[in-house]
Amino acid sequence: QRVDLPTYAFQRDRFWLETTGAVVSHNAAAGLGLGSADHPLLGAVVALADADGFLLTGRLSVRTHPWLADHAVAETTLLPGTAFVELTLRAGDAVGCDRLE
């Protein structure tokens with residue numbers, strides 16, 4: 001069924017959802033059907049359905065981790081190398097690897 005639409009811009013009302021500025025909790029993963037990673041840098045862990053493995057995911061930003069702002073070079077925020085080591089150790093723990101080389 002065809003419906004004629006008006007040619008004007010309606011009343012210029014916006015219907016976007018307004019954000020509260022609240023930081024999303026790391027425990028929000030359970031509401032999405034994901035397992036909690038129980039780690040400050042990771043949000044969720046998911047077992048792969050077609051393989052023996054895991055997917056670890058999270059969001060790193062200055063908004064969720066304000067201390068990242070202290071690690072800037074030429075006005076660009078960088079993730080410290082120790083955070084990469086920590087993420088690697090957590091991934092190793094998830095798959096039963098007890099050694100990092």
# chains A, B, ... in the order shown; residues from 1 in each chain; ligands from 1

$ residues_around --residues "stretch 84-94 of chain A" --least-positions-apart "4" --cutoff "9 Å" --atoms "only C-alpha atoms" --output "list of chain:residue names"
A:His39, A:Leu41, A:Leu42, A:Val45, A:Gly53, A:Phe54, A:Leu55, A:Leu56, A:Leu79, A:Pro80, A:Asp98, A:Arg99, A:Leu100

$ atom_distance --atom1 "atom CA of A:Ala74" --atom2 "atom CA of A:Val62"
15.9 Å

$ atom_distance --atom1 "atom CA of A:Cys97" --atom2 "atom CA of A:Asp52"
13.4 Å

$ atom_distance --atom1 "atom CA of A:Ala83" --atom2 "atom CA of A:Val95"
18.7 Å
